file upload21.txt (compact mmCIF, C-alpha atoms and all ligand atoms)
# COMPACT_ATOMS: atom_id res chain seq x y z
CA MET E 1 120.38 85.50 99.81
CA PRO E 2 116.55 85.17 99.89
CA ALA E 3 114.75 88.05 101.58
CA LYS E 4 113.36 87.46 105.06
CA VAL E 5 109.84 88.54 106.07
CA TYR E 6 109.04 89.55 109.64
CA PHE E 7 105.81 90.31 111.47
CA LEU E 8 106.00 92.54 114.53
CA LYS E 9 103.93 94.88 116.66
CA GLY E 10 104.97 98.51 116.93
CA ASP E 11 104.89 102.04 115.59
CA ILE E 12 106.12 101.97 112.00
CA THR E 13 107.59 105.48 112.35
CA ASN E 14 110.17 104.03 114.75
CA MET E 15 111.48 101.53 112.22
CA GLU E 16 115.14 101.94 111.25
CA VAL E 17 114.79 100.72 107.66
CA ASP E 18 115.53 102.08 104.19
CA ALA E 19 111.84 102.87 103.70
CA ILE E 20 108.57 102.78 105.56
CA VAL E 21 105.35 102.55 103.60
CA ASN E 22 102.62 105.11 104.27
CA ALA E 23 98.95 104.11 104.02
CA ALA E 24 98.21 106.98 101.68
CA ASN E 25 95.37 108.43 99.64
CA ASN E 26 96.18 109.27 96.03
CA ASP E 27 96.24 113.00 96.75
CA LEU E 28 99.18 112.30 99.06
CA MET E 29 97.45 114.37 101.75
CA LEU E 30 98.80 113.22 105.13
CA GLY E 31 95.74 112.68 107.31
CA SER E 32 95.53 110.61 110.49
CA GLY E 33 96.71 107.07 111.27
CA VAL E 34 100.07 106.12 109.76
CA ALA E 35 100.11 109.29 107.66
CA GLY E 36 99.47 111.43 110.73
CA ALA E 37 102.29 109.75 112.62
CA ILE E 38 104.64 110.26 109.67
CA ARG E 39 103.64 113.91 109.44
CA ARG E 40 104.17 114.48 113.17
CA LYS E 41 107.46 112.61 113.47
CA GLY E 42 108.89 113.16 110.01
CA GLY E 43 108.57 116.92 109.98
CA PRO E 44 107.37 119.32 107.27
CA THR E 45 109.69 118.23 104.46
CA ILE E 46 107.72 115.04 103.80
CA GLU E 47 104.43 116.92 103.44
CA GLU E 48 106.16 119.56 101.28
CA GLU E 49 107.45 116.85 98.93
CA CYS E 50 103.99 115.24 98.84
CA GLU E 51 102.52 118.60 97.81
CA ARG E 52 105.19 118.99 95.13
CA ILE E 53 104.42 115.53 93.71
CA GLY E 54 100.67 116.17 93.87
CA SER E 55 98.03 113.54 93.09
CA ILE E 56 99.09 110.15 91.76
CA ARG E 57 97.04 107.39 90.09
CA LEU E 58 94.96 105.25 92.41
CA GLY E 59 96.92 102.10 93.25
CA GLU E 60 100.25 103.77 92.52
CA ALA E 61 103.08 104.51 94.98
CA ALA E 62 105.33 107.57 95.25
CA VAL E 63 108.59 108.05 97.15
CA THR E 64 109.59 111.00 99.34
CA PRO E 65 112.60 111.46 101.63
CA GLY E 66 112.06 110.33 105.21
CA GLY E 67 112.62 113.77 106.77
CA LYS E 68 113.33 113.36 110.48
CA LEU E 69 112.30 109.70 110.51
CA LYS E 70 114.91 106.96 111.02
CA ALA E 71 113.82 105.63 107.61
CA CYS E 72 115.60 107.18 104.62
CA TYR E 73 112.45 107.18 102.51
CA VAL E 74 108.67 107.04 102.78
CA VAL E 75 106.87 105.10 100.07
CA HIS E 76 103.32 106.47 99.85
CA ALA E 77 101.05 103.59 98.80
CA ALA E 78 97.86 105.13 97.41
CA SER E 79 95.27 102.43 98.05
CA MET E 80 92.32 104.83 98.20
CA ARG E 81 90.91 108.17 97.21
CA LEU E 82 90.79 110.85 99.93
CA GLY E 83 87.66 110.14 101.95
CA GLY E 84 87.12 106.91 100.03
CA ARG E 85 87.73 103.27 100.82
CA THR E 86 90.41 100.76 99.89
CA THR E 87 89.51 97.87 97.59
CA ALA E 88 91.25 94.50 97.24
CA GLU E 89 92.53 95.41 93.78
CA LEU E 90 93.80 98.85 94.85
CA LEU E 91 95.47 97.33 97.91
CA ARG E 92 97.13 94.69 95.73
CA SER E 93 98.29 97.32 93.26
CA ALA E 94 99.55 99.80 95.87
CA THR E 95 101.49 97.06 97.67
CA ARG E 96 103.03 95.80 94.42
CA ASN E 97 103.96 99.33 93.31
CA SER E 98 105.52 100.06 96.71
CA LEU E 99 107.82 97.08 96.19
CA LEU E 100 108.66 98.28 92.67
CA ARG E 101 109.58 101.76 94.01
CA ALA E 102 111.86 100.04 96.54
CA GLU E 103 113.53 98.00 93.77
CA GLU E 104 114.04 101.11 91.64
CA LYS E 105 116.02 102.59 94.50
CA GLY E 106 117.81 99.33 95.27
CA LEU E 107 116.51 99.34 98.83
CA LYS E 108 117.39 96.45 101.16
CA THR E 109 114.86 96.91 103.96
CA ILE E 110 111.23 98.08 103.96
CA ALA E 111 108.38 98.15 106.48
CA PHE E 112 104.67 97.93 105.64
CA PRO E 113 101.69 98.82 107.83
CA ALA E 114 98.33 97.06 107.41
CA ILE E 115 97.32 99.34 104.54
CA GLY E 116 93.62 100.18 104.29
CA THR E 117 92.57 98.76 107.63
CA GLY E 118 92.15 102.00 109.54
CA VAL E 119 90.33 105.02 108.15
CA ALA E 120 89.77 103.14 104.90
CA GLY E 121 87.90 100.37 106.69
CA PHE E 122 89.31 97.36 104.89
CA PRO E 123 89.05 94.00 106.73
CA MET E 124 92.32 93.07 108.49
CA ASP E 125 92.19 89.39 107.49
CA GLU E 126 91.68 90.21 103.81
CA CYS E 127 94.45 92.83 104.00
CA ALA E 128 96.85 90.27 105.50
CA ASP E 129 96.07 87.69 102.84
CA ILE E 130 96.49 90.17 100.00
CA MET E 131 99.65 91.89 101.25
CA ILE E 132 101.43 88.64 102.17
CA ARG E 133 100.60 87.10 98.78
CA VAL E 134 101.84 90.20 96.92
CA VAL E 135 105.10 90.29 98.90
CA PHE E 136 105.89 86.60 98.42
CA THR E 137 104.99 86.70 94.73
CA HIS E 138 107.31 89.69 94.34
CA LEU E 139 110.12 87.80 96.08
CA GLU E 140 109.93 84.98 93.55
CA SER E 141 111.86 87.31 91.23
CA ARG E 142 115.30 88.76 91.84
CA SER E 143 115.09 91.57 94.38
CA SER E 144 117.38 94.04 96.13
CA LEU E 145 115.27 93.56 99.25
CA GLU E 146 116.76 91.57 102.11
CA LYS E 147 114.27 92.27 104.92
CA ILE E 148 110.55 93.04 104.66
CA TYR E 149 108.68 93.93 107.86
CA PHE E 150 104.96 93.99 108.49
CA VAL E 151 104.55 96.39 111.42
CA LEU E 152 101.16 95.94 113.10
CA TYR E 153 99.80 98.44 115.57
CA ASP E 154 98.24 96.04 118.08
CA ASP E 155 98.27 92.40 119.18
CA ALA E 156 95.05 91.58 117.36
CA ALA E 157 96.38 92.80 114.02
CA LEU E 158 99.70 90.99 114.58
CA LYS E 159 97.83 87.73 115.24
CA VAL E 160 95.75 88.13 112.09
CA PHE E 161 98.89 88.54 110.00
CA GLU E 162 100.75 85.67 111.68
CA ASP E 163 97.74 83.39 111.24
CA ALA E 164 97.41 84.45 107.60
CA TYR E 165 101.07 83.65 107.02
CA GLN E 166 100.71 80.22 108.63
CA LYS E 167 97.68 79.51 106.46
CA LEU E 168 99.43 80.69 103.29
CA SER E 169 102.80 79.04 104.00
CA PRO E 170 102.00 75.78 102.19
CA VAL E 171 101.15 77.69 98.99
CA LEU E 172 103.87 80.32 99.21
CA LYS E 173 106.75 79.16 96.99
CA ARG E 174 109.37 80.61 99.28
CA LYS E 175 110.03 79.40 102.80
CA ASP E 176 111.56 82.39 104.52
CA GLU E 177 113.75 81.66 107.52
CA GLY E 178 112.93 85.01 109.09
CA PHE E 179 109.69 84.05 110.71
N1 LIG W 201 102.38 102.32 113.01
C1 LIG W 201 101.85 101.18 112.49
N2 LIG W 201 100.55 101.02 112.19
C2 LIG W 201 99.73 102.08 112.44
C3 LIG W 201 100.19 103.30 112.98
C4 LIG W 201 101.58 103.39 113.26
N3 LIG W 201 102.13 104.51 113.75
N4 LIG W 201 99.13 104.14 113.08
C5 LIG W 201 98.05 103.48 112.65
N5 LIG W 201 98.40 102.22 112.27
C6 LIG W 201 97.55 101.16 111.73
C7 LIG W 201 96.08 101.31 111.94
O1 LIG W 201 95.70 100.78 113.22
C8 LIG W 201 95.53 100.49 110.79
O2 LIG W 201 95.47 99.12 111.15
O3 LIG W 201 97.72 101.19 110.32
C9 LIG W 201 96.57 100.66 109.68
C10 LIG W 201 96.16 101.61 108.57
O4 LIG W 201 95.41 102.65 109.12
P1 LIG W 201 95.42 104.16 108.51
O5 LIG W 201 96.71 104.78 108.76
O6 LIG W 201 94.16 104.82 108.97
O7 LIG W 201 95.37 103.95 106.93
P2 LIG W 201 94.19 103.58 105.94
O8 LIG W 201 93.11 102.81 106.63
O9 LIG W 201 94.86 102.98 104.76
O10 LIG W 201 93.56 104.99 105.56
C11 LIG W 201 94.38 105.89 104.88
O11 LIG W 201 93.70 107.71 106.24
O12 LIG W 201 95.12 108.89 107.51
C12 LIG W 201 94.45 108.91 106.34
O13 LIG W 201 95.83 110.21 104.89
C13 LIG W 201 95.40 108.90 105.18
O14 LIG W 201 93.70 109.21 103.53
C14 LIG W 201 94.55 108.26 104.13
C15 LIG W 201 93.74 107.24 104.91
call {"tool": "encode", "arguments": {"input": "upload21.txt", "output": "structure tokens"}}
result
Amino acid sequence: MPAKVYFLKGDITNMEVDAIVNAANNDLMLGSGVAGAIRRKGGPTIEEECERIGSIRLGEAAVTPGGKLKACYVVHAASMRLGGRTTAELLRSATRNSLLRAEEKGLKTIAFPAIGTGVAGFPMDECADIMIRVVFTHLESRSSLEKIYFVLYDDAALKVFEDAYQKLSPVLKRKDEGF
């Protein structure tokens, strides 16, 4: 059954999925934005596990339990250095590695925020193009994933992602029925 990709507006910490992806720095320090919401809603165990894991390579992704969140896991996608900025290559790598962590755990559902587009100041349209391309390229191979959600925080961001998907559809090998 091919995976379905969805675009929706909301608070990613409310998603009832196997894993939500955190827009992380590679020190796994939970700051503001998505990380702050995860810290507030997920409780101390997530931050404790992040501290135990410590720093990871830029562009890598690490998994912690979801704590009090509805999601079982949090995949921390390290697209930037603390206090730094996201780059296209780091965003591509962090998104790809998040999907690989999900496969390693055999996850069926995962939710992504617009990584890099808040504190890290990455352009929303470029983020949408990169993340959508990475996800659809990943889905060309066999995957445990059945549903992939992009959870955008406001209408403007949602429109950017939906427009990016429409623009990319002709080149994306997979036509997903989900959207
Ligand atoms: N649900 C969904 N999207 C959200 C939420 C939320 N609860 N909160 C913020 N966003 C959106 C922001 O509006 C932005 O578009 O997620 C996108 C990413 O923003 P940030 O969370 O600021 O992430 P990023 O820009 O990648 O910066 C990461 O900021 O908070 C620190 O510790 C974090 O060092 C890391 C850096």
call {"tool": "residues_near_ligand", "arguments": {"input": "upload21.txt", "ligand": "ligand LIG 201 (chain W)", "cutoff": "6 Å", "atoms": "all atoms listed in the file", "output": "list of chain:residue names"}}
result
E:Asp11, E:Ile12, E:Thr13, E:Ala23, E:Ala24, E:Asn25, E:Met29, E:Leu30, E:Gly31, E:Ser32, E:Gly33, E:Val34, E:Ala35, E:Gly36, E:Ala37, E:Leu82, E:Pro113, E:Ala114, E:Ile115, E:Gly116, E:Thr117, E:Gly118, E:Val119, E:Ala120, E:Gly121, E:Val151, E:Leu152, E:Tyr153
call {"tool": "closest_residue", "arguments": {"input": "upload21.txt", "among": "E:Lys70, E:Pro123, E:Met80, E:Lys159", "to": "Ala19 of chain E", "atoms": "all atoms listed in the file"}}
result
E:Lys70
call {"tool": "atom_distance", "arguments": {"input": "upload21.txt", "atom1": "atom CA of Ile53 of chain E", "atom2": "atom CA of Ser141 of chain E"}}
result
29.3 Å
call {"tool": "atom_distance", "arguments": {"input": "upload21.txt", "atom1": "atom CA of Leu28 of chain E", "atom2": "atom CA of Glu51 of chain E"}}
result
7.2 Å
call {"tool": "closest_residue", "arguments": {"input": "upload21.txt", "among": "E:Ala61, E:Leu168, E:Ala71, E:Ala111", "to": "Tyr6 of chain E", "atoms": "all atoms listed in the file"}}
result
E:Ala111
call {"tool": "residues_around", "arguments": {"input": "upload21.txt", "residues": "segment 97-104 of chain E", "least_positions_apart": "5", "cutoff": "12 Å", "atoms": "all atoms listed in the file", "output": "NGL selection string"}}
result
:E and (17-24 or 56-64 or 72-79 or 90-92 or 109-113 or 115 or 131 or 134-139 or 141-148)
call {"tool": "closest_residue", "arguments": {"input": "upload21.txt", "among": "E:Asn26, E:Leu158, E:Val5, E:Pro65", "to": "Gly42 of chain E", "atoms": "only C-alpha atoms"}}
result
E:Pro65
call {"tool": "atom_distance", "arguments": {"input": "upload21.txt", "atom1": "atom CA of Glu49 of chain E", "atom2": "atom CA of Ile130 of chain E"}}
result
28.9 Å
call {"tool": "closest_residue", "arguments": {"input": "upload21.txt", "among": "E:Asp154, E:Thr87, E:Gly67, E:Arg96", "to": "Glu126 of chain E", "atoms": "only C-alpha atoms"}}
result
E:Thr87
call {"tool": "residues_around", "arguments": {"input": "upload21.txt", "residues": "Val171 of chain E", "least_positions_apart": "5", "cutoff": "12 Å", "atoms": "all atoms listed in the file", "output": "ChimeraX atom specification"}}
result
/E:129,132-133,136-137,164-166
call {"tool": "write_last_selection", "arguments": {"input": "upload21.txt", "atoms": "C-alpha atoms", "output": "CSV table (one decimal), in the frame of the given file"}}
result
chain,number,residue,atom,x,y,z
E,129,ASP,CA,96.1,87.7,102.8
E,132,ILE,CA,101.4,88.6,102.2
E,133,ARG,CA,100.6,87.1,98.8
E,136,PHE,CA,105.9,86.6,98.4
E,137,THR,CA,105.0,86.7,94.7
E,164,ALA,CA,97.4,84.4,107.6
E,165,TYR,CA,101.1,83.6,107.0
E,166,GLN,CA,100.7,80.2,108.6
